[in-house]
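Pasted below: work.txt, compact mmCIF, C-alpha atoms.
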# COMPACT_ATOMS: atom_id res chain seq x y z
CA TRP A 159 -166.38 -105.40 -32.33
CA ALA A 160 -168.98 -102.80 -31.29
CA VAL A 161 -170.89 -101.32 -34.22
CA GLN A 162 -172.96 -98.16 -34.67
CA VAL A 163 -175.78 -98.67 -37.19
CA PHE A 164 -177.03 -95.63 -39.14
CA ASP A 165 -179.87 -94.92 -41.54
CA VAL A 166 -178.58 -92.92 -44.52
CA ARG A 167 -181.24 -90.34 -45.40
CA GLY A 168 -180.13 -88.66 -48.61
CA ASP A 169 -179.03 -85.05 -48.13
CA THR A 170 -179.80 -85.32 -44.41
CA GLY A 171 -176.91 -87.74 -44.00
CA ASP A 172 -176.40 -90.44 -41.39
CA PHE A 173 -179.02 -90.79 -38.65
CA TYR A 174 -178.00 -93.02 -35.74
CA GLN A 175 -180.35 -95.95 -35.37
CA CYS A 176 -178.99 -98.85 -33.32
CA THR A 177 -176.10 -100.81 -31.86
CA GLY A 178 -174.70 -104.00 -33.39
CA THR A 179 -171.76 -106.40 -33.27
CA LEU A 180 -169.21 -107.45 -35.86
CA VAL A 181 -169.57 -111.23 -36.25
CA ALA A 182 -167.41 -111.64 -39.39
CA PRO A 183 -165.25 -109.21 -41.40
CA ARG A 184 -168.24 -108.26 -43.61
CA TRP A 185 -171.19 -109.09 -41.37
CA VAL A 186 -172.90 -107.14 -38.57
CA LEU A 187 -175.48 -108.69 -36.26
CA THR A 188 -178.25 -106.36 -35.09
CA ALA A 189 -182.03 -106.17 -34.57
CA GLN A 190 -184.35 -106.45 -37.57
CA HIS A 191 -186.28 -103.33 -36.58
CA CYS A 192 -183.03 -101.37 -37.08
CA ILE A 193 -182.77 -101.92 -40.85
CA ALA A 194 -183.36 -99.11 -43.34
CA ASP A 195 -186.88 -97.95 -44.15
CA GLU A 196 -188.27 -96.77 -47.48
CA GLY A 197 -186.06 -94.13 -49.12
CA GLU A 198 -183.08 -94.97 -46.91
CA THR A 199 -179.97 -97.12 -46.97
CA SER A 200 -177.78 -98.29 -44.10
CA ALA A 201 -174.19 -97.68 -43.06
CA VAL A 202 -172.14 -98.59 -40.00
CA ARG A 203 -169.22 -97.23 -38.02
CA ILE A 204 -166.77 -99.71 -36.50
CA GLY A 205 -163.54 -99.49 -34.54
CA SER A 206 -164.26 -96.69 -32.07
CA ASN A 207 -166.23 -96.52 -28.83
CA THR A 208 -166.85 -92.81 -29.44
CA TYR A 209 -170.22 -91.88 -30.91
CA ARG A 210 -170.14 -91.16 -34.69
CA GLU A 211 -166.46 -92.07 -34.99
CA GLY A 212 -164.73 -95.10 -36.45
CA GLN A 213 -164.46 -96.68 -39.91
CA ARG A 214 -167.60 -95.94 -41.96
CA ILE A 215 -168.78 -98.74 -44.27
CA GLU A 216 -171.92 -98.97 -46.41
CA VAL A 217 -174.36 -101.88 -46.16
CA ASP A 218 -175.22 -103.60 -49.45
CA ALA A 219 -177.47 -106.49 -48.32
CA VAL A 220 -179.75 -107.46 -45.45
CA GLU A 221 -180.59 -111.01 -44.37
CA VAL A 222 -183.23 -112.13 -41.85
CA PRO A 223 -184.33 -115.62 -40.75
CA SER A 224 -187.99 -114.63 -40.57
CA ALA A 225 -190.13 -111.51 -40.68
CA GLU A 226 -191.29 -112.34 -37.16
CA VAL A 227 -187.87 -112.56 -35.44
CA ASP A 228 -186.14 -109.31 -34.43
CA ILE A 229 -182.65 -110.22 -35.62
CA ALA A 230 -180.78 -109.35 -38.83
CA LEU A 231 -177.41 -109.63 -40.51
CA LEU A 232 -176.06 -106.63 -42.43
CA HIS A 233 -173.55 -107.33 -45.21
CA LEU A 234 -170.82 -104.73 -45.63
CA THR A 235 -169.28 -103.50 -48.88
CA GLU A 236 -165.75 -104.04 -47.52
CA ASP A 237 -164.00 -105.82 -44.70
CA ALA A 238 -164.06 -104.12 -41.32
CA GLY A 239 -160.67 -103.85 -39.68
CA SER A 240 -161.86 -104.77 -36.19
CA ALA A 241 -162.12 -107.81 -33.95
CA VAL A 242 -165.21 -109.99 -34.17
CA VAL A 243 -167.29 -111.28 -31.27
CA GLU A 244 -167.67 -114.93 -30.36
CA LEU A 245 -171.25 -116.14 -30.49
CA ALA A 246 -172.90 -118.54 -28.09
CA PRO A 247 -173.30 -122.03 -29.56
CA ALA A 248 -176.54 -123.93 -29.50
CA GLY A 249 -176.62 -125.46 -26.06
CA PRO A 250 -177.87 -125.10 -22.49
CA ALA A 251 -180.02 -122.09 -21.60
CA VAL A 252 -178.47 -119.10 -19.84
CA ASP A 253 -181.49 -118.54 -17.60
CA GLY A 254 -180.64 -117.30 -14.12
CA THR A 255 -177.29 -115.77 -15.05
CA ASP A 256 -176.04 -112.20 -15.20
CA ALA A 257 -175.08 -110.69 -18.56
CA THR A 258 -173.22 -107.56 -19.62
CA VAL A 259 -174.97 -105.41 -22.23
CA TYR A 260 -173.56 -102.64 -24.41
CA GLY A 261 -174.95 -99.76 -26.47
CA TRP A 262 -174.87 -96.09 -27.44
CA GLY A 263 -178.55 -95.59 -26.58
CA SER A 264 -180.18 -92.56 -24.99
CA GLU A 265 -179.37 -91.86 -21.35
CA GLY A 266 -182.42 -89.80 -20.48
CA THR A 267 -183.16 -87.53 -23.43
CA PRO A 268 -184.82 -89.23 -26.43
CA LEU A 269 -182.77 -89.16 -29.66
CA VAL A 270 -179.68 -87.90 -27.81
CA MET A 271 -177.21 -90.77 -27.85
CA ALA A 272 -174.48 -91.51 -25.33
CA PRO A 273 -171.13 -89.89 -26.27
CA SER A 274 -169.33 -93.21 -25.81
CA LEU A 275 -170.20 -96.89 -25.64
CA LYS A 276 -171.75 -97.72 -22.28
CA LYS A 277 -172.38 -101.01 -20.51
CA ALA A 278 -174.54 -102.41 -17.72
CA VAL A 279 -175.19 -105.65 -15.91
CA ILE A 280 -178.58 -107.32 -16.33
CA HIS A 281 -180.04 -110.55 -14.95
CA ILE A 282 -181.53 -113.08 -17.39
CA ASP A 283 -184.76 -114.23 -15.76
CA GLY A 284 -185.96 -116.73 -18.36
CA ARG A 285 -187.74 -116.71 -21.70
CA ARG A 286 -190.20 -114.23 -23.12
CA SER A 287 -190.96 -116.55 -26.06
CA ASP A 288 -189.34 -119.37 -28.01
CA ASP A 289 -187.08 -116.81 -29.71
CA GLU A 290 -186.48 -114.31 -26.91
CA LEU A 291 -184.87 -114.13 -23.50
CA LEU A 292 -186.30 -111.92 -20.74
CA ALA A 293 -184.07 -109.95 -18.36
CA THR A 294 -184.13 -107.24 -15.69
CA GLY A 295 -181.66 -104.41 -15.29
CA VAL A 296 -179.24 -104.67 -12.35
CA THR A 297 -176.81 -101.76 -12.75
CA GLY A 298 -178.65 -100.40 -15.78
CA SER A 299 -181.05 -101.26 -18.58
CA GLY A 300 -181.59 -100.40 -22.25
CA TRP A 301 -183.46 -97.74 -24.18
CA SER A 302 -183.73 -96.15 -27.61
CA GLY A 303 -180.50 -96.67 -29.56
CA ASP A 304 -179.41 -99.73 -27.59
CA SER A 305 -181.49 -102.02 -29.81
CA GLY A 306 -179.40 -104.56 -31.68
CA GLY A 307 -176.69 -104.48 -29.04
CA PRO A 308 -175.17 -107.58 -27.45
CA TRP A 309 -175.75 -109.43 -24.23
CA PHE A 310 -172.57 -111.23 -23.14
CA VAL A 311 -172.23 -114.14 -20.72
CA ASP A 312 -168.69 -115.43 -20.06
CA GLY A 313 -167.41 -113.59 -23.12
CA LEU A 314 -169.97 -115.08 -25.53
CA GLN A 315 -172.79 -113.10 -27.14
CA VAL A 316 -175.98 -114.81 -26.04
CA ALA A 317 -178.62 -112.35 -27.25
CA VAL A 318 -179.43 -109.33 -29.42
CA PHE A 319 -181.30 -106.60 -27.53
CA SER A 320 -184.77 -106.15 -29.00
CA ALA A 321 -187.03 -104.16 -26.66
CA SER A 322 -187.49 -102.78 -23.16
CA SER A 323 -190.54 -102.36 -20.96
CA GLY A 324 -191.18 -99.74 -18.30
CA GLN A 325 -188.30 -97.57 -19.51
CA ASP A 326 -188.61 -93.78 -19.40
CA GLY A 327 -184.91 -93.01 -19.60
CA THR A 328 -184.33 -93.20 -15.85
CA ASN A 329 -185.30 -96.76 -14.87
CA LEU A 330 -182.13 -98.77 -14.21
CA HIS A 331 -184.17 -101.90 -13.57
CA ALA A 332 -186.48 -101.92 -16.59
CA SER A 333 -187.29 -105.25 -18.23
CA LEU A 334 -185.48 -106.19 -21.44
CA ALA A 335 -186.10 -108.70 -24.22
CA GLY A 336 -183.31 -110.11 -26.35
CA VAL A 337 -183.35 -112.52 -29.29
CA ASP A 338 -181.62 -115.78 -28.36
CA VAL A 339 -178.42 -116.09 -30.42
CA ALA A 340 -178.00 -119.81 -29.73
CA ARG A 341 -181.44 -120.52 -31.19
CA HIS A 342 -180.43 -118.80 -34.45
CA ARG A 343 -176.77 -119.80 -34.52
CA ALA A 344 -177.26 -122.27 -37.39
CA TRP A 345 -178.90 -119.56 -39.54
CA ILE A 346 -176.16 -117.04 -38.69
CA ASP A 347 -173.38 -119.48 -39.59
CA ALA A 348 -175.08 -120.57 -42.82
CA THR A 349 -175.71 -116.99 -43.93
CA ILE A 350 -172.12 -115.92 -43.30
CA ALA A 351 -170.83 -118.99 -45.14
CA SER A 352 -173.07 -118.61 -48.21
CA GLY A 353 -173.06 -114.82 -48.54
CA PRO A 354 -175.94 -112.51 -49.51
CA THR A 355 -178.93 -114.19 -51.13
CA ASP A 356 -178.62 -114.53 -54.91
CA HIS A 357 -182.06 -115.24 -56.34
CA PRO A 358 -182.32 -117.45 -59.46
CA GLU A 359 -183.28 -115.52 -62.59
CA ASP A 360 -186.51 -117.48 -63.02
CA GLU A 361 -187.85 -116.57 -59.56
CA VAL A 362 -190.34 -113.86 -58.74
CA VAL A 363 -188.78 -111.79 -55.95
CA LEU A 364 -190.52 -109.54 -53.42
CA TYR A 365 -188.44 -106.76 -51.78
CA ASP A 366 -189.27 -104.65 -48.76
CA LEU A 367 -187.86 -101.47 -50.35
CA SER A 368 -189.04 -99.94 -53.63
CA ASP A 369 -185.52 -99.73 -55.10
CA PHE A 370 -185.35 -103.55 -55.12
CA SER A 371 -183.21 -103.77 -52.00
CA GLY A 372 -183.53 -104.70 -48.34
CA VAL A 373 -185.13 -107.92 -47.19
CA SER A 374 -186.16 -110.15 -50.10
CA GLN A 375 -187.70 -113.54 -50.79
CA GLY A 376 -188.01 -115.51 -54.03
CA PHE A 377 -190.91 -117.63 -55.25
CA GLY A 378 -191.63 -120.05 -58.08
CA ILE A 379 -194.84 -120.81 -59.96
CA GLY A 380 -197.68 -121.56 -57.57
CA ARG A 381 -200.09 -120.10 -55.03
CA HIS A 382 -198.38 -118.40 -52.10
CA ASN A 383 -200.28 -117.56 -48.93
CA LEU A 384 -199.07 -116.02 -45.64
CA PRO A 385 -197.26 -119.13 -44.33
CA ASP A 386 -195.11 -119.14 -47.49
CA MET A 387 -194.08 -115.50 -46.93
CA ALA A 388 -192.01 -116.22 -43.84
CA ILE A 389 -189.09 -113.95 -44.76
CA ILE A 390 -190.68 -111.02 -46.60
CA GLY A 391 -193.67 -111.05 -44.25
CA ASN A 392 -197.22 -109.76 -44.46
CA ASP A 393 -197.94 -106.26 -45.82
CA ARG A 394 -194.23 -105.55 -46.37
CA ALA A 395 -193.40 -105.82 -50.08
CA SER A 396 -192.56 -102.53 -51.84
CA ALA A 397 -191.07 -103.87 -55.08
CA ILE A 398 -191.50 -106.98 -57.20
CA LYS A 399 -189.22 -108.55 -59.80
CA VAL A 400 -191.10 -110.55 -62.43
CA PRO A 401 -189.10 -112.62 -64.95
CA ALA A 402 -190.19 -112.52 -68.60
CA GLY A 403 -193.00 -114.93 -69.35
CA LEU A 404 -194.49 -114.94 -65.85
CA ARG A 405 -197.53 -113.22 -64.36
CA VAL A 406 -198.00 -112.35 -60.70
CA THR A 407 -201.48 -111.71 -59.30
CA VAL A 408 -201.16 -110.09 -55.87
CA PHE A 409 -203.94 -109.75 -53.30
CA PHE A 410 -204.69 -107.29 -50.52
CA HIS A 411 -205.77 -110.08 -48.16
CA HIS A 412 -204.55 -113.56 -47.37
CA ASN A 413 -206.26 -116.59 -48.93
CA PHE A 414 -206.23 -114.75 -52.30
CA GLU A 415 -209.03 -112.41 -51.31
CA GLY A 416 -209.81 -108.73 -51.79
CA GLU A 417 -208.49 -106.19 -54.25
CA ALA A 418 -205.85 -107.51 -56.62
CA ARG A 419 -203.26 -106.30 -59.10
CA VAL A 420 -201.47 -108.09 -61.92
CA PHE A 421 -197.79 -107.60 -62.78
CA THR A 422 -195.94 -109.06 -65.76
CA SER A 423 -192.74 -107.04 -65.35
CA ASP A 424 -190.65 -105.51 -62.57
CA ALA A 425 -192.56 -102.91 -60.58
CA ASP A 426 -192.03 -100.31 -57.88
CA LEU A 427 -195.09 -101.01 -55.74
CA VAL A 428 -194.95 -97.59 -54.08
CA ALA A 429 -195.37 -95.95 -57.49
CA ALA A 430 -198.04 -98.51 -58.39
CA GLY A 431 -200.04 -97.67 -55.26
CA PHE A 432 -199.88 -101.22 -53.89
CA SER A 433 -197.00 -101.05 -51.39
CA ASP A 434 -197.07 -102.76 -47.99
CA VAL A 435 -200.41 -104.45 -48.60
CA ILE A 436 -199.67 -107.84 -50.20
CA SER A 437 -200.86 -110.80 -48.13
CA SER A 438 -201.05 -113.53 -50.79
CA PHE A 439 -200.27 -113.95 -54.49
CA VAL A 440 -200.26 -116.34 -57.43
CA VAL A 441 -197.32 -116.85 -59.78
CA SER A 442 -198.32 -118.30 -63.15
CA ARG A 443 -197.21 -118.31 -66.76
CA ALA A 444 -198.32 -115.16 -68.53
CA SER A 445 -199.90 -117.31 -71.25
CA ASP A 446 -202.10 -119.21 -68.78
CA PRO A 447 -205.77 -118.19 -68.41
CA GLN A 448 -206.45 -115.76 -65.58
CA GLU A 449 -208.45 -117.88 -63.13
CA ASP A 450 -207.84 -116.06 -59.86
CA VAL A 451 -209.73 -112.76 -60.08
CA VAL A 452 -212.90 -111.18 -61.33
CA ALA A 453 -212.25 -108.16 -63.57
CA LEU A 454 -214.70 -105.24 -63.65
CA TYR A 455 -214.35 -102.75 -66.53
CA GLU A 456 -215.49 -99.16 -66.98
CA HIS A 457 -216.56 -99.71 -70.62
CA ALA A 458 -218.37 -102.41 -72.54
CA ASP A 459 -216.50 -105.26 -74.22
CA PHE A 460 -213.95 -105.44 -71.39
CA SER A 461 -212.21 -102.16 -72.16
CA GLY A 462 -211.04 -99.09 -70.30
CA ASP A 463 -209.81 -99.04 -66.72
CA SER A 464 -210.38 -102.19 -64.70
CA LEU A 465 -210.76 -103.23 -61.07
CA LEU A 466 -209.48 -106.70 -60.16
CA TYR A 467 -210.85 -108.60 -57.19
CA GLY A 468 -210.49 -112.00 -55.58
CA VAL A 469 -213.04 -113.58 -53.26
CA GLY A 470 -214.60 -110.91 -51.07
CA SER A 471 -216.83 -107.84 -51.03
CA ARG A 472 -216.35 -104.21 -52.06
CA TYR A 473 -218.33 -101.09 -51.18
CA LEU A 474 -218.10 -98.49 -53.96
CA ILE A 475 -220.60 -95.79 -52.97
CA GLY A 476 -219.03 -92.34 -53.24
CA GLY A 477 -215.79 -93.70 -54.66
CA ALA A 478 -214.15 -93.57 -58.08
CA TRP A 479 -215.83 -96.82 -59.19
CA ASP A 480 -219.38 -96.03 -58.04
CA LYS A 481 -221.88 -96.49 -60.92
CA ARG A 482 -219.00 -96.92 -63.35
CA ILE A 483 -218.89 -100.65 -64.26
CA SER A 484 -220.05 -101.68 -67.74
CA SER A 485 -218.62 -105.18 -68.30
CA VAL A 486 -217.13 -108.00 -66.25
CA ARG A 487 -215.00 -111.10 -66.69
CA VAL A 488 -215.89 -113.92 -64.31
CA PRO A 489 -213.66 -117.04 -64.27
CA ASP A 490 -215.12 -120.52 -63.93
CA GLY A 491 -216.06 -121.26 -60.34
CA PHE A 492 -216.70 -117.63 -59.38
CA LYS A 493 -220.10 -116.04 -58.75
CA LEU A 494 -220.29 -112.24 -58.90
CA THR A 495 -223.27 -110.47 -57.34
CA LEU A 496 -223.68 -106.79 -58.25
CA TYR A 497 -225.81 -104.40 -56.17
CA ASP A 498 -227.11 -100.95 -57.06
CA LEU A 499 -226.75 -99.69 -53.47
CA PHE A 500 -225.46 -101.28 -50.25
CA PHE A 501 -225.20 -105.04 -50.74
CA ILE A 502 -228.31 -107.03 -49.69
CA TYR A 503 -230.19 -103.84 -48.80
CA SER A 504 -230.15 -102.75 -52.44
CA PRO A 505 -233.39 -102.47 -54.44
CA ALA A 506 -231.78 -104.28 -57.37
CA SER A 507 -229.02 -106.81 -57.92
CA ARG A 508 -227.65 -109.13 -60.59
CA VAL A 509 -225.83 -112.47 -60.36
CA ILE A 510 -223.14 -113.02 -63.01
CA THR A 511 -221.27 -116.31 -63.52
CA ALA A 512 -219.63 -115.70 -66.92
CA ASP A 513 -218.09 -112.87 -68.93
CA ALA A 514 -220.75 -110.28 -69.70
CA ASN A 515 -221.59 -106.80 -70.91
CA LEU A 516 -223.86 -105.38 -68.23
CA ASP A 517 -226.20 -103.60 -70.63
CA SER A 518 -227.56 -107.05 -71.48
CA TYR A 519 -228.51 -107.37 -67.80
CA ASP A 520 -229.96 -103.84 -67.71
CA PHE A 521 -227.26 -103.01 -65.14
CA ASP A 522 -224.80 -100.81 -67.05
CA ASP A 523 -223.25 -98.18 -64.72
CA GLN A 524 -225.50 -99.30 -61.85
CA THR A 525 -223.08 -101.07 -59.49
CA SER A 526 -222.40 -99.52 -56.07
CA SER A 527 -221.25 -102.67 -54.25
CA PHE A 528 -220.46 -106.28 -55.09
CA THR A 529 -219.51 -109.65 -53.67

Can you turn what I pasted into structure tokens?
Amino acid sequence: WAVQVFDVRGDTGDFYQCTGTLVAPRWVLTAQHCIADEGETSAVRIGSNTYREGQRIEVDAVEVPSAEVDIALLHLTEDAGSAVVELAPAGPAVDGTDATVYGWGSEGTPLVMAPSLKKAVIHIDGRRSDDELLATGVTGSGWSGDSGGPWFVDGLQVAVFSASSGQDGTNLHASLAGVDVARHRAWIDATIASGPTDHPEDEVVLYDLSDFSGVSQGFGIGRHNLPDMAIIGNDRASAIKVPAGLRVTVFFHHNFEGEARVFTSDADLVAAGFSDVISSFVVSRASDPQEDVVALYEHADFSGDSLLYGVGSRYLIGGAWDKRISSVRVPDGFKLTLYDLFFIYSPASRVITADANLDSYDFDDQTSSFT
């Protein structure tokens, strides 16, 4: 049942990352911070307590209950030929009990993993938060590489190791935090039963990796702010799938504020220069009027390169857009104030409330800041 979780880093090969547990033939339970980063994939080894041995299986999907909870399920490309653990059901708290923890984590030298699976006894003191249990090492504690590993009480996995405090590689009694399995048991069971998420074709989908993989969340037409982005999370999207006929206006800040970009087709956000910055967005029909951003253009008649912006302010002095704006589109309900230097300290400014060529305002190529 014990699982070694690896990042697969191209020609570099497998890099050990975390511990996990087999909870179904094709599902591994681990910590969310253990999943692959940009440019990586994940793989696991199962069936051996010896480091870097056992059946190697690729991971083809990742599921999380929330971007804020350090727990994840990894879906495997084939069945693992090993026993599965039994998870704690939703029920009474395990506060005040001892637990046995397992992992291949470092034993004193960072990035040097234990040669075989090790275990220790810890004492569960109470809760760190609604989602996490707090414990103290008794015969040992956890460190780098133990993340994602199990805490067992009476043969049931009660937690997924998330973090330690006061650990330098020698502290047997360091504090530990573990995500409460019972609290997330319903999500675990539902995910295993339904399989990897299959997004409807008419949904816009945000992915946390630029190759359209990893954690994902789908959205329909509407305005989506931070509370709606519970799974993909803030500043995490690195790719976006946009069905034909839809337009997605994404914003740097929540509440549809700050710099914006518009996408009408699938996009690698790393290549587009807008990765890990999205905090809100609007999904609309591509044929609908653009009512969510002001557009500032480098040439007259709304041509050339453009800068899109929601509610907010922008300082341009010394940048690529300084003294470069010649026309603007301003949707109904917006007021755009252009300044020739630093905002209200500027000698000159113009207020624009409709589409305009700036030469008619005697302000062509004069803007150095705006609100």

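Between Ile390 (chain A) and the candidates A:Pro223, A:Gly239, A:Pro358, A:Gly205, the tightest atom-to-atom separation, counting only C-alpha atoms, involves A:Pro223.
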
Which neighbours of Leu291 (chain A) fall inside 8 Å, counting all atoms listed in the file, when residues of the same chain fewer than 5 positions from it are skipped, and could you give them as a list in words?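 Residues meeting the cut-off are Ile282, Asp283, Gly284, Arg285, Arg286, Ala317, Ala335, Gly336, Val337 and Asp338 of chain A.
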
Between A:Thr258, A:Lys493, A:Val420, A:Asp517, which is the closest to His457 (chain A) once you count all atoms listed in the file?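 Looking only at the distances to His457 (chain A), the closest residue turns out to be A:Asp517.
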
Hey, which bits of region 233-290 of chain A sit within 6 Å of region 303-312 of chain A, and for each residue what's the closest pair of atoms and how far apart in Å (one decimal), counting all atoms listed in the file, rows by chain and increasing number, as a tab-separated table?
residue	atom	partner	partner_atom	distance
A:Ala257	CA	A:Val311	CA	5.0
A:Thr258	CA	A:Phe310	CA	5.1
A:Val259	CA	A:Trp309	CA	4.6
A:Tyr260	CA	A:Gly307	CA	5.9
A:Gly261	CA	A:Asp304	CA	4.6
A:Trp262	CA	A:Asp304	CA	5.8
A:Gly263	CA	A:Gly303	CA	3.7

For Ala429 (chain A), the nearest of the candidates A:Tyr174, A:Val161, A:His331, A:Ala397, counting only C-alpha atoms: A:Ala397

Identify the residues within 9 Å of coordinate (-159.1, -102.3, -36.3) (same frame as the file), considering all atoms listed in the file, and give the answer as a PyMOL selection string. chain A and resi 159+204-206+213+238-241

Quick one: residues within 12 Å of region 518-522 of chain A, only C-alpha atoms, excluding same-chain residues fewer than 5 positions away - as a PyMOL selection string? chain A and resi 454-459+480-486+495-498+506-510+513
